[in-house]
>>> print(open('run-v1.pdb').read())   # PDB, C-alpha atoms, pLDDT in the B column
ATOM      1  CA  ALA Z   1      55.492  55.433  81.485  1.00 79.00           C
ATOM      2  CA  GLN Z   2      57.299  53.129  83.833  1.00 89.00           C
ATOM      3  CA  LYS Z   3      60.961  52.474  83.418  1.00 93.00           C
ATOM      4  CA  VAL Z   4      63.911  51.076  85.342  1.00 96.00           C
ATOM      5  CA  THR Z   5      67.437  52.132  84.444  1.00 97.00           C
ATOM      6  CA  GLN Z   6      70.557  50.308  85.526  1.00 97.00           C
ATOM      7  CA  ALA Z   7      73.272  52.404  83.968  1.00 95.00           C
ATOM      8  CA  GLN Z   8      76.104  50.088  84.998  1.00 97.00           C
ATOM      9  CA  THR Z   9      76.248  47.265  82.481  1.00 95.00           C
ATOM     10  CA  GLU Z  10      79.210  45.502  84.071  1.00 97.00           C
ATOM     11  CA  ILE Z  11      81.186  45.954  87.265  1.00 97.00           C
ATOM     12  CA  SER Z  12      84.306  44.085  88.270  1.00 97.00           C
ATOM     13  CA  VAL Z  13      85.869  44.371  91.723  1.00 96.00           C
ATOM     14  CA  VAL Z  14      88.364  42.446  93.792  1.00 97.00           C
ATOM     15  CA  GLU Z  15      87.059  40.237  96.556  1.00 97.00           C
ATOM     16  CA  LYS Z  16      86.376  41.985  99.873  1.00 97.00           C
ATOM     17  CA  GLU Z  17      85.750  45.338  98.226  1.00 97.00           C
ATOM     18  CA  ASP Z  18      82.397  47.039  98.718  1.00 97.00           C
ATOM     19  CA  VAL Z  19      80.328  47.589  95.607  1.00 98.00           C
ATOM     20  CA  THR Z  20      77.169  49.581  94.897  1.00 98.00           C
ATOM     21  CA  LEU Z  21      74.763  48.806  92.097  1.00 98.00           C
ATOM     22  CA  ASP Z  22      72.701  51.769  90.944  1.00 98.00           C
ATOM     23  CA  CYS Z  23      69.030  51.733  90.056  1.00 98.00           C
ATOM     24  CA  VAL Z  24      66.889  54.653  88.938  1.00 98.00           C
ATOM     25  CA  TYR Z  25      63.187  54.269  88.232  1.00 97.00           C
ATOM     26  CA  GLU Z  26      60.353  56.236  86.676  1.00 95.00           C
ATOM     27  CA  THR Z  27      56.686  55.933  87.510  1.00 92.00           C
ATOM     28  CA  ARG Z  28      53.695  58.239  87.812  1.00 90.00           C
ATOM     29  CA  ASP Z  29      52.077  56.077  90.460  1.00 89.00           C
ATOM     30  CA  THR Z  30      52.243  57.089  94.087  1.00 89.00           C
ATOM     31  CA  THR Z  31      51.987  53.468  95.197  1.00 88.00           C
ATOM     32  CA  TYR Z  32      54.599  51.157  93.798  1.00 91.00           C
ATOM     33  CA  TYR Z  33      57.027  48.404  94.706  1.00 90.00           C
ATOM     34  CA  LEU Z  34      60.721  48.025  94.045  1.00 93.00           C
ATOM     35  CA  PHE Z  35      62.602  44.754  93.825  1.00 93.00           C
ATOM     36  CA  TRP Z  36      66.087  43.394  93.468  1.00 95.00           C
ATOM     37  CA  TYR Z  37      66.736  39.969  91.988  1.00 94.00           C
ATOM     38  CA  LYS Z  38      69.971  38.036  91.577  1.00 95.00           C
ATOM     39  CA  GLN Z  39      70.598  35.768  88.584  1.00 94.00           C
ATOM     40  CA  PRO Z  40      73.665  33.581  89.160  1.00 93.00           C
ATOM     41  CA  PRO Z  41      75.413  31.787  86.284  1.00 91.00           C
ATOM     42  CA  SER Z  42      73.068  28.825  86.753  1.00 89.00           C
ATOM     43  CA  GLY Z  43      70.286  31.063  85.451  1.00 89.00           C
ATOM     44  CA  GLU Z  44      67.571  30.986  88.059  1.00 88.00           C
ATOM     45  CA  LEU Z  45      66.095  34.169  89.473  1.00 90.00           C
ATOM     46  CA  VAL Z  46      66.669  34.681  93.175  1.00 90.00           C
ATOM     47  CA  PHE Z  47      64.465  37.185  95.014  1.00 89.00           C
ATOM     48  CA  LEU Z  48      66.468  39.520  97.271  1.00 92.00           C
ATOM     49  CA  ILE Z  49      64.149  42.288  98.449  1.00 91.00           C
ATOM     50  CA  ARG Z  50      60.805  44.015  97.905  1.00 89.00           C
ATOM     51  CA  ARG Z  51      60.230  47.530  99.167  1.00 90.00           C
ATOM     52  CA  ASN Z  52      57.011  49.548  98.945  1.00 88.00           C
ATOM     53  CA  SER Z  53      56.948  53.228  98.104  1.00 91.00           C
ATOM     54  CA  PHE Z  54      55.755  54.274 101.550  1.00 89.00           C
ATOM     55  CA  ASP Z  55      58.711  52.794 103.337  1.00 86.00           C
ATOM     56  CA  GLU Z  56      61.872  54.778 102.801  1.00 84.00           C
ATOM     57  CA  GLN Z  57      63.820  53.161 105.567  1.00 83.00           C
ATOM     58  CA  ASN Z  58      67.062  51.662 104.424  1.00 86.00           C
ATOM     59  CA  GLU Z  59      67.393  47.941 104.872  1.00 87.00           C
ATOM     60  CA  ILE Z  60      70.337  45.789 105.819  1.00 89.00           C
ATOM     61  CA  SER Z  61      70.520  42.026 105.502  1.00 89.00           C
ATOM     62  CA  GLY Z  62      73.913  40.634 106.330  1.00 94.00           C
ATOM     63  CA  ARG Z  63      76.369  41.974 103.762  1.00 95.00           C
ATOM     64  CA  TYR Z  64      73.550  43.409 101.647  1.00 96.00           C
ATOM     65  CA  SER Z  65      72.009  46.835 102.109  1.00 95.00           C
ATOM     66  CA  TRP Z  66      69.560  48.912 100.141  1.00 95.00           C
ATOM     67  CA  ASN Z  67      69.216  52.678  99.961  1.00 95.00           C
ATOM     68  CA  PHE Z  68      65.784  53.903  98.819  1.00 95.00           C
ATOM     69  CA  GLN Z  69      65.607  57.609  98.018  1.00 94.00           C
ATOM     70  CA  LYS Z  70      62.284  58.835  96.678  1.00 93.00           C
ATOM     71  CA  SER Z  71      63.667  62.320  96.052  1.00 93.00           C
ATOM     72  CA  THR Z  72      66.030  60.982  93.417  1.00 95.00           C
ATOM     73  CA  SER Z  73      63.900  57.964  92.386  1.00 96.00           C
ATOM     74  CA  SER Z  74      66.727  55.637  93.231  1.00 97.00           C
ATOM     75  CA  PHE Z  75      66.954  52.255  94.909  1.00 97.00           C
ATOM     76  CA  ASN Z  76      70.630  51.379  95.133  1.00 97.00           C
ATOM     77  CA  PHE Z  77      72.046  48.081  96.334  1.00 97.00           C
ATOM     78  CA  THR Z  78      75.357  47.743  98.179  1.00 97.00           C
ATOM     79  CA  ILE Z  79      77.292  44.565  98.844  1.00 97.00           C
ATOM     80  CA  THR Z  80      79.830  44.920 101.621  1.00 97.00           C
ATOM     81  CA  ALA Z  81      82.982  42.797 101.697  1.00 97.00           C
ATOM     82  CA  SER Z  82      82.121  41.162  98.391  1.00 97.00           C
ATOM     83  CA  GLN Z  83      82.743  37.464  97.797  1.00 96.00           C
ATOM     84  CA  VAL Z  84      83.271  35.435  94.641  1.00 96.00           C
ATOM     85  CA  VAL Z  85      79.847  33.841  95.162  1.00 95.00           C
ATOM     86  CA  ASP Z  86      78.279  37.271  94.706  1.00 97.00           C
ATOM     87  CA  SER Z  87      79.211  37.124  91.026  1.00 97.00           C
ATOM     88  CA  ALA Z  88      75.932  37.279  89.120  1.00 97.00           C
ATOM     89  CA  VAL Z  89      73.660  39.533  87.116  1.00 96.00           C
ATOM     90  CA  TYR Z  90      71.555  41.728  89.368  1.00 97.00           C
ATOM     91  CA  PHE Z  91      68.207  43.111  88.272  1.00 96.00           C
ATOM     92  CA  CYS Z  92      66.344  46.025  89.755  1.00 97.00           C
ATOM     93  CA  ALA Z  93      62.600  45.991  89.066  1.00 94.00           C
ATOM     94  CA  LEU Z  94      59.430  48.019  89.582  1.00 93.00           C
ATOM     95  CA  SER Z  95      55.766  47.184  89.930  1.00 89.00           C
ATOM     96  CA  SER Z  96      53.052  49.806  90.210  1.00 81.00           C
ATOM     97  CA  HIS Z  97      49.672  49.653  91.848  1.00 73.00           C
ATOM     98  CA  SER Z  98      47.997  50.575  88.583  1.00 69.00           C
ATOM     99  CA  SER Z  99      49.567  47.672  86.704  1.00 67.00           C
ATOM    100  CA  ALA Z 100      49.912  45.114  89.397  1.00 64.00           C
ATOM    101  CA  SER Z 101      50.315  42.251  86.991  1.00 67.00           C
ATOM    102  CA  LYS Z 102      53.627  43.412  85.621  1.00 82.00           C
ATOM    103  CA  ILE Z 103      57.088  43.732  86.974  1.00 89.00           C
ATOM    104  CA  ILE Z 104      59.235  46.065  84.884  1.00 92.00           C
ATOM    105  CA  PHE Z 105      62.843  44.922  84.945  1.00 94.00           C
ATOM    106  CA  GLY Z 106      65.986  46.906  84.347  1.00 95.00           C
ATOM    107  CA  SER Z 107      68.532  45.570  81.901  1.00 95.00           C
ATOM    108  CA  GLY Z 108      70.703  44.223  84.694  1.00 96.00           C
ATOM    109  CA  THR Z 109      74.222  44.769  86.003  1.00 97.00           C
ATOM    110  CA  ARG Z 110      76.729  41.970  85.592  1.00 97.00           C
ATOM    111  CA  LEU Z 111      78.884  41.849  88.713  1.00 98.00           C
ATOM    112  CA  SER Z 112      82.172  39.961  88.661  1.00 97.00           C
ATOM    113  CA  ILE Z 113      84.109  39.449  91.859  1.00 97.00           C
ATOM    114  CA  ARG Z 114      87.762  38.577  91.275  1.00 95.00           C
ATOM    115  CA  PRO Z 115      89.610  36.508  93.870  1.00 93.00           C
TER     116      PRO Z 115
ATOM    117  CA  ASN E   1      56.336  23.208 100.021  1.00 51.00           C
ATOM    118  CA  ALA E   2      57.618  23.118  96.472  1.00 67.00           C
ATOM    119  CA  GLY E   3      58.257  26.386  94.697  1.00 88.00           C
ATOM    120  CA  VAL E   4      57.195  27.309  91.195  1.00 92.00           C
ATOM    121  CA  MET E   5      58.070  24.370  88.969  1.00 95.00           C
ATOM    122  CA  GLN E   6      58.873  24.802  85.327  1.00 96.00           C
ATOM    123  CA  ASN E   7      59.597  22.063  82.856  1.00 96.00           C
ATOM    124  CA  PRO E   8      61.458  21.260  80.887  1.00 97.00           C
ATOM    125  CA  ARG E   9      64.514  23.194  82.073  1.00 95.00           C
ATOM    126  CA  HIS E  10      66.008  23.042  78.610  1.00 97.00           C
ATOM    127  CA  LEU E  11      64.190  22.598  75.324  1.00 98.00           C
ATOM    128  CA  VAL E  12      65.655  22.355  71.842  1.00 98.00           C
ATOM    129  CA  ARG E  13      63.402  22.732  68.820  1.00 98.00           C
ATOM    130  CA  ARG E  14      64.035  22.949  65.098  1.00 98.00           C
ATOM    131  CA  ARG E  15      62.653  25.896  63.203  1.00 97.00           C
ATOM    132  CA  GLY E  16      58.996  25.354  62.424  1.00 98.00           C
ATOM    133  CA  GLN E  17      58.303  23.003  65.334  1.00 98.00           C
ATOM    134  CA  GLU E  18      56.087  23.736  68.305  1.00 98.00           C
ATOM    135  CA  ALA E  19      57.359  24.439  71.810  1.00 98.00           C
ATOM    136  CA  ARG E  20      55.308  23.801  74.942  1.00 98.00           C
ATOM    137  CA  LEU E  21      56.518  25.186  78.227  1.00 98.00           C
ATOM    138  CA  ARG E  22      54.875  24.187  81.483  1.00 98.00           C
ATOM    139  CA  CYS E  23      54.542  26.008  84.767  1.00 97.00           C
ATOM    140  CA  SER E  24      53.088  24.623  87.980  1.00 96.00           C
ATOM    141  CA  PRO E  25      52.502  27.474  90.444  1.00 93.00           C
ATOM    142  CA  MET E  26      53.197  27.238  94.130  1.00 90.00           C
ATOM    143  CA  LYS E  27      50.542  25.470  96.140  1.00 88.00           C
ATOM    144  CA  GLY E  28      47.649  27.818  96.837  1.00 85.00           C
ATOM    145  CA  HIS E  29      48.634  30.260  94.079  1.00 87.00           C
ATOM    146  CA  SER E  30      46.013  30.913  91.418  1.00 87.00           C
ATOM    147  CA  HIS E  31      47.775  33.681  89.499  1.00 89.00           C
ATOM    148  CA  VAL E  32      50.493  32.990  86.955  1.00 92.00           C
ATOM    149  CA  TYR E  33      52.744  35.346  85.004  1.00 93.00           C
ATOM    150  CA  TRP E  34      55.059  34.563  82.089  1.00 96.00           C
ATOM    151  CA  TYR E  35      58.205  36.542  81.279  1.00 96.00           C
ATOM    152  CA  ARG E  36      60.764  36.225  78.495  1.00 97.00           C
ATOM    153  CA  GLN E  37      64.463  36.966  78.817  1.00 95.00           C
ATOM    154  CA  LEU E  38      66.329  37.369  75.564  1.00 93.00           C
ATOM    155  CA  PRO E  39      70.108  36.814  75.707  1.00 87.00           C
ATOM    156  CA  GLU E  40      71.912  39.573  77.618  1.00 83.00           C
ATOM    157  CA  GLU E  41      68.671  41.379  78.425  1.00 87.00           C
ATOM    158  CA  GLY E  42      66.298  41.821  81.349  1.00 89.00           C
ATOM    159  CA  LEU E  43      62.998  40.022  81.700  1.00 93.00           C
ATOM    160  CA  LYS E  44      60.001  41.281  79.751  1.00 95.00           C
ATOM    161  CA  PHE E  45      56.393  40.668  80.796  1.00 94.00           C
ATOM    162  CA  MET E  46      54.363  38.529  78.410  1.00 96.00           C
ATOM    163  CA  VAL E  47      51.055  37.466  79.965  1.00 95.00           C
ATOM    164  CA  TYR E  48      49.116  37.240  83.228  1.00 92.00           C
ATOM    165  CA  LEU E  49      46.587  34.466  83.798  1.00 93.00           C
ATOM    166  CA  GLN E  50      44.208  33.326  86.456  1.00 91.00           C
ATOM    167  CA  LYS E  51      42.586  29.918  86.404  1.00 88.00           C
ATOM    168  CA  GLU E  52      40.847  29.598  83.022  1.00 88.00           C
ATOM    169  CA  ASN E  53      41.228  33.318  82.271  1.00 93.00           C
ATOM    170  CA  ILE E  54      43.750  35.511  80.507  1.00 94.00           C
ATOM    171  CA  ILE E  55      43.837  38.790  82.421  1.00 90.00           C
ATOM    172  CA  ASP E  56      46.575  40.718  80.612  1.00 91.00           C
ATOM    173  CA  GLU E  57      48.324  39.597  77.448  1.00 93.00           C
ATOM    174  CA  SER E  58      49.732  42.962  76.459  1.00 92.00           C
ATOM    175  CA  GLY E  59      53.270  41.581  76.261  1.00 93.00           C
ATOM    176  CA  MET E  60      52.494  38.593  74.065  1.00 96.00           C
ATOM    177  CA  PRO E  61      53.556  38.618  70.415  1.00 95.00           C
ATOM    178  CA  LYS E  62      50.464  38.794  68.234  1.00 91.00           C
ATOM    179  CA  GLU E  63      51.189  35.613  66.316  1.00 95.00           C
ATOM    180  CA  ARG E  64      52.347  32.091  67.153  1.00 97.00           C
ATOM    181  CA  PHE E  65      52.277  32.588  70.949  1.00 98.00           C
ATOM    182  CA  SER E  66      49.451  31.490  73.227  1.00 97.00           C
ATOM    183  CA  ALA E  67      49.027  30.759  76.917  1.00 97.00           C
ATOM    184  CA  GLU E  68      46.512  28.954  79.045  1.00 96.00           C
ATOM    185  CA  PHE E  69      45.952  28.100  82.682  1.00 96.00           C
ATOM    186  CA  PRO E  70      43.289  25.403  82.878  1.00 93.00           C
ATOM    187  CA  LYS E  71      41.194  24.577  85.889  1.00 90.00           C
ATOM    188  CA  GLU E  72      43.324  21.500  86.455  1.00 90.00           C
ATOM    189  CA  GLY E  73      46.990  21.181  85.629  1.00 92.00           C
ATOM    190  CA  PRO E  74      49.841  23.524  84.888  1.00 96.00           C
ATOM    191  CA  SER E  75      49.902  26.715  82.896  1.00 97.00           C
ATOM    192  CA  ILE E  76      51.157  26.197  79.352  1.00 98.00           C
ATOM    193  CA  LEU E  77      52.990  28.677  77.145  1.00 98.00           C
ATOM    194  CA  ARG E  78      52.785  27.481  73.566  1.00 98.00           C
ATOM    195  CA  ILE E  79      54.914  28.732  70.700  1.00 98.00           C
ATOM    196  CA  GLN E  80      53.972  27.524  67.255  1.00 98.00           C
ATOM    197  CA  GLN E  81      56.334  27.388  64.280  1.00 98.00           C
ATOM    198  CA  VAL E  82      59.318  28.514  66.309  1.00 98.00           C
ATOM    199  CA  VAL E  83      61.969  30.740  64.769  1.00 97.00           C
ATOM    200  CA  ARG E  84      65.550  31.436  65.862  1.00 96.00           C
ATOM    201  CA  GLY E  85      64.466  34.693  67.476  1.00 95.00           C
ATOM    202  CA  ASP E  86      62.313  32.752  69.951  1.00 97.00           C
ATOM    203  CA  SER E  87      65.466  31.397  71.596  1.00 97.00           C
ATOM    204  CA  ALA E  88      65.339  32.768  75.108  1.00 97.00           C
ATOM    205  CA  ALA E  89      64.762  31.901  78.740  1.00 96.00           C
ATOM    206  CA  TYR E  90      61.091  31.827  79.684  1.00 98.00           C
ATOM    207  CA  PHE E  91      60.263  32.401  83.321  1.00 96.00           C
ATOM    208  CA  CYS E  92      57.024  31.792  85.111  1.00 95.00           C
ATOM    209  CA  ALA E  93      55.996  33.448  88.380  1.00 91.00           C
ATOM    210  CA  SER E  94      53.012  32.873  90.625  1.00 89.00           C
ATOM    211  CA  SER E  95      51.251  34.749  93.392  1.00 84.00           C
ATOM    212  CA  PRO E  96      48.460  33.872  95.810  1.00 79.00           C
ATOM    213  CA  VAL E  97      46.303  36.862  94.969  1.00 71.00           C
ATOM    214  CA  SER E  98      46.102  39.379  92.189  1.00 64.00           C
ATOM    215  CA  GLY E  99      49.201  41.410  91.532  1.00 57.00           C
ATOM    216  CA  VAL E 100      52.860  40.731  91.857  1.00 51.00           C
ATOM    217  CA  ASN E 101      52.981  43.375  94.553  1.00 57.00           C
ATOM    218  CA  THR E 102      52.007  40.781  97.088  1.00 60.00           C
ATOM    219  CA  GLU E 103      54.947  38.535  96.384  1.00 63.00           C
ATOM    220  CA  ALA E 104      55.873  36.933  93.114  1.00 70.00           C
ATOM    221  CA  PHE E 105      57.891  33.741  93.188  1.00 80.00           C
ATOM    222  CA  PHE E 106      59.738  32.813  90.036  1.00 88.00           C
ATOM    223  CA  GLY E 107      60.471  29.377  88.684  1.00 92.00           C
ATOM    224  CA  GLN E 108      63.896  28.355  87.454  1.00 92.00           C
ATOM    225  CA  GLY E 109      63.010  29.067  83.857  1.00 95.00           C
ATOM    226  CA  THR E 110      62.925  27.089  80.637  1.00 97.00           C
ATOM    227  CA  ARG E 111      65.734  27.738  78.216  1.00 96.00           C
ATOM    228  CA  LEU E 112      64.470  27.374  74.671  1.00 97.00           C
ATOM    229  CA  THR E 113      66.987  26.959  71.882  1.00 97.00           C
ATOM    230  CA  VAL E 114      65.779  26.986  68.306  1.00 97.00           C
ATOM    231  CA  VAL E 115      68.176  25.381  65.845  1.00 96.00           C
TER     232      VAL E 115
END
>>> encode(input="run-v1.pdb", output="structure tokens")
Amino acid sequence: AQKVTQAQTEISVVEKEDVTLDCVYETRDTTYYLFWYKQPPSGELVFLIRRNSFDEQNEISGRYSWNFQKSTSSFNFTITASQVVDSAVYFCALSSHSSASKIIFGSGTRLSIRP
Amino acid sequence: NAGVMQNPRHLVRRRGQEARLRCSPMKGHSHVYWYRQLPEEGLKFMVYLQKENIIDESGMPKERFSAEFPKEGPSILRIQQVVRGDSAAYFCASSPVSGVNTEAFFGQGTRLTVV
């Protein structure tokens, strides 16, 4: 069975703090893809990153960074020096080679950045 | 190069009416996926279509829901005899080849409210 768990339902931090959103996944496939999406209050889904299971290198994009650890089946997302505009619901997601038509989403983490 | 276009953005229907949601994939994309997001939840896969074919409908409710992707025109998600529980955001994604592993681009969603 494939599953994505985002244990943090809501996080609230003060602006400029760093914040890490946790994501743990389950899959029996050896080839799979992991995603993070952002859903701001306006409701659209914004693609942030896609990482395949063969690439465990961490990635940094501006204030965003991702830590992929196969050993713990985790794909955590860190925002450095958070800003109010980062307030949104963030979804971690998984797609496997064996079921390429589906993306399995976690339940999301609602992040609130207080000024 | 327009992204995935969904319309309408908001749709209000009375119980028992029909709802038709449209999705025009990105140019050059022949694969379409529909997802449903219930309030305060993550997205759940519904159906995967190629032109004129339903490839995977394992996430579709057995009754009242249908989807098509004709040779010409947008993909349509049709909900007959809507009930309050159908109120949700419906997202469409498209990809150029089979599988969301390549890259799946999401539309802005259609928010259906059943009154």
>>> atom_distance(input="run-v1.pdb", atom1="atom CA of Z:Thr109", atom2="atom CA of E:Arg111")
20.6 Å
>>> residues_around(input="run-v1.pdb", residues="Z:Pro115", least_positions_apart="5", cutoff="9 Å", atoms="all atoms listed in the file", output="list in words")
Val13, Val14, Glu15, Lys16, Gln83 and Val84 of chain Z
>>> closest_residue(input="run-v1.pdb", among="E:Gln37, E:Ser66, E:Asn7, E:Gln81", to="chain Z", atoms="only C-alpha atoms")
E:Gln37
>>> residues_around(input="run-v1.pdb", residues="Z:Ser87", least_positions_apart="4", cutoff="7 Å", atoms="all atoms listed in the file", output="PyMOL selection string")
chain Z and resi 40+111-113
>>> resolve_selection(input="run-v1.pdb", expression="the ChimeraX specification (/E :<12) & /Z", output="PyMOL selection string")
chain Z and resi 3-6+9-10+31-35+37-40+42-53+89-110
>>> atom_distance(input="run-v1.pdb", atom1="atom CA of Z:Thr30", atom2="atom CA of Z:Phe68")
14.7 Å
>>> resolve_selection(input="run-v1.pdb", expression="the PyMOL selection byres ((chain Z and resi 25-27) around 7)", output="PDB file with C-alpha atoms, in the frame of the given file")
ATOM      1  CA  ALA Z   1      55.492  55.433  81.485  1.00 79.00           C
ATOM      2  CA  GLN Z   2      57.299  53.129  83.833  1.00 89.00           C
ATOM      3  CA  LYS Z   3      60.961  52.474  83.418  1.00 93.00           C
ATOM      4  CA  VAL Z   4      63.911  51.076  85.342  1.00 96.00           C
ATOM      5  CA  THR Z   5      67.437  52.132  84.444  1.00 97.00           C
ATOM      6  CA  CYS Z  23      69.030  51.733  90.056  1.00 98.00           C
ATOM      7  CA  VAL Z  24      66.889  54.653  88.938  1.00 98.00           C
ATOM      8  CA  ARG Z  28      53.695  58.239  87.812  1.00 90.00           C
ATOM      9  CA  ASP Z  29      52.077  56.077  90.460  1.00 89.00           C
ATOM     10  CA  SER Z  73      63.900  57.964  92.386  1.00 96.00           C
ATOM     11  CA  SER Z  74      66.727  55.637  93.231  1.00 97.00           C
TER      12      SER Z  74
END
>>> resolve_selection(input="run-v1.pdb", expression="the PyMOL selection byres ((chain E and resi 72) around 12)", output="list of chain:residue names")
E:Ser24, E:Pro25, E:Ser30, E:Gln50, E:Lys51, E:Glu52, E:Glu68, E:Phe69, E:Pro70, E:Lys71, E:Gly73, E:Pro74, E:Ser75, E:Ile76
>>> closest_residue(input="run-v1.pdb", among="Z:Ser12, Z:Leu21, Z:Arg114, Z:Ile60", to="Z:Thr78", atoms="only C-alpha atoms")
Z:Leu21
>>> residues_around(input="run-v1.pdb", residues="Z:Gln57", least_positions_apart="4", cutoff="9 Å", atoms="all atoms listed in the file", output="list in words")
Trp66, Asn67, Phe68 and Gln69 of chain Z
>>> atom_distance(input="run-v1.pdb", atom1="atom CA of Z:Val19", atom2="atom CA of Z:Lys70")
21.3 Å
>>> residues_around(input="run-v1.pdb", residues="Z:Glu17", least_positions_apart="4", cutoff="8 Å", atoms="only C-alpha atoms", output="ChimeraX atom specification")
/Z:13,80-82
>>> axis_aligned_box(input="run-v1.pdb", around="stretch 92-98 of chain Z", padding_each_side="4 Å", output="JSON")
{"center_x": 57.2, "center_y": 48.3, "center_z": 90.2, "size_x": 26.3, "size_y": 12.6, "size_z": 11.3}
>>> residues_near_point(input="run-v1.pdb", point="(68.3, 34.4, 67.0)", cutoff="10 Å", atoms="all atoms listed in the file", output="list in words")
Leu38, Pro39, Val83, Arg84, Gly85, Asp86, Ser87, Ala88, Thr113, Val114 and Val115 of chain E
>>> residues_near_point(input="run-v1.pdb", point="(58.4, 29.7, 61.9)", cutoff="8 Å", atoms="all atoms listed in the file", output="PyMOL selection string")
chain E and resi 15-17+80-83
>>> closest_residue(input="run-v1.pdb", among="Z:Asp18, Z:Phe77, Z:Pro41, Z:Ile11", to="Z:Glu59", atoms="only C-alpha atoms")
Z:Phe77
>>> closest_residue(input="run-v1.pdb", among="E:Leu112, E:Glu57, E:Glu63, E:Val97", to="E:Arg13", atoms="only C-alpha atoms")
E:Leu112
>>> build_atoms(input="run-v1.pdb", residues="stretch 34-39 of chain E", atoms="all heavy atoms", output="tab-separated table (two decimals), keeping the file's coordinate frame")
chain	number	residue	atom	x	y	z
E	34	TRP	N	53.95	35.04	82.92
E	34	TRP	CA	55.06	34.56	82.09
E	34	TRP	C	55.92	35.75	81.65
E	34	TRP	O	55.38	36.80	81.27
E	34	TRP	CB	54.54	33.84	80.85
E	34	TRP	CG	54.00	32.47	81.11
E	34	TRP	CD1	52.71	32.11	81.36
E	34	TRP	CD2	54.75	31.23	81.11
E	34	TRP	NE1	52.60	30.75	81.52
E	34	TRP	CE2	53.84	30.19	81.37
E	34	TRP	CE3	56.10	30.92	80.89
E	34	TRP	CZ2	54.23	28.85	81.44
E	34	TRP	CZ3	56.49	29.59	80.96
E	34	TRP	CH2	55.57	28.57	81.24
E	35	TYR	N	57.23	35.53	81.71
E	35	TYR	CA	58.20	36.54	81.28
E	35	TYR	C	59.19	35.89	80.32
E	35	TYR	O	59.49	34.70	80.41
E	35	TYR	CB	58.98	37.09	82.48
E	35	TYR	CG	58.19	38.02	83.36
E	35	TYR	CD1	57.24	37.52	84.26
E	35	TYR	CD2	58.37	39.39	83.30
E	35	TYR	CE1	56.50	38.38	85.05
E	35	TYR	CE2	57.64	40.25	84.09
E	35	TYR	CZ	56.71	39.74	84.97
E	35	TYR	OH	55.98	40.59	85.76
E	36	ARG	N	59.75	36.72	79.43
E	36	ARG	CA	60.76	36.22	78.50
E	36	ARG	C	62.05	37.03	78.71
E	36	ARG	O	62.01	38.25	78.86
E	36	ARG	CB	60.29	36.38	77.05
E	36	ARG	CG	61.31	35.95	76.02
E	36	ARG	CD	60.73	35.78	74.65
E	36	ARG	NE	60.24	37.01	74.06
E	36	ARG	CZ	59.79	37.10	72.81
E	36	ARG	NH1	59.77	36.03	72.04
E	36	ARG	NH2	59.36	38.26	72.35
E	37	GLN	N	63.16	36.32	78.71
E	37	GLN	CA	64.46	36.97	78.82
E	37	GLN	C	65.29	36.60	77.59
E	37	GLN	O	65.77	35.47	77.46
E	37	GLN	CB	65.19	36.53	80.09
E	37	GLN	CG	66.52	37.24	80.29
E	37	GLN	CD	67.26	36.79	81.53
E	37	GLN	OE1	67.08	35.66	82.01
E	37	GLN	NE2	68.09	37.65	82.09
E	38	LEU	N	65.46	37.58	76.71
E	38	LEU	CA	66.33	37.37	75.56
E	38	LEU	C	67.77	37.43	76.03
E	38	LEU	O	68.07	38.02	77.08
E	38	LEU	CB	66.05	38.44	74.50
E	38	LEU	CG	64.65	38.35	73.85
E	38	LEU	CD1	64.38	39.57	73.00
E	38	LEU	CD2	64.52	37.08	73.03
E	39	PRO	N	68.70	36.84	75.28
E	39	PRO	CA	70.11	36.81	75.71
E	39	PRO	C	70.63	38.21	76.04
E	39	PRO	O	70.41	39.16	75.28
E	39	PRO	CB	70.83	36.22	74.50
E	39	PRO	CG	69.80	35.36	73.84
E	39	PRO	CD	68.49	36.08	74.03
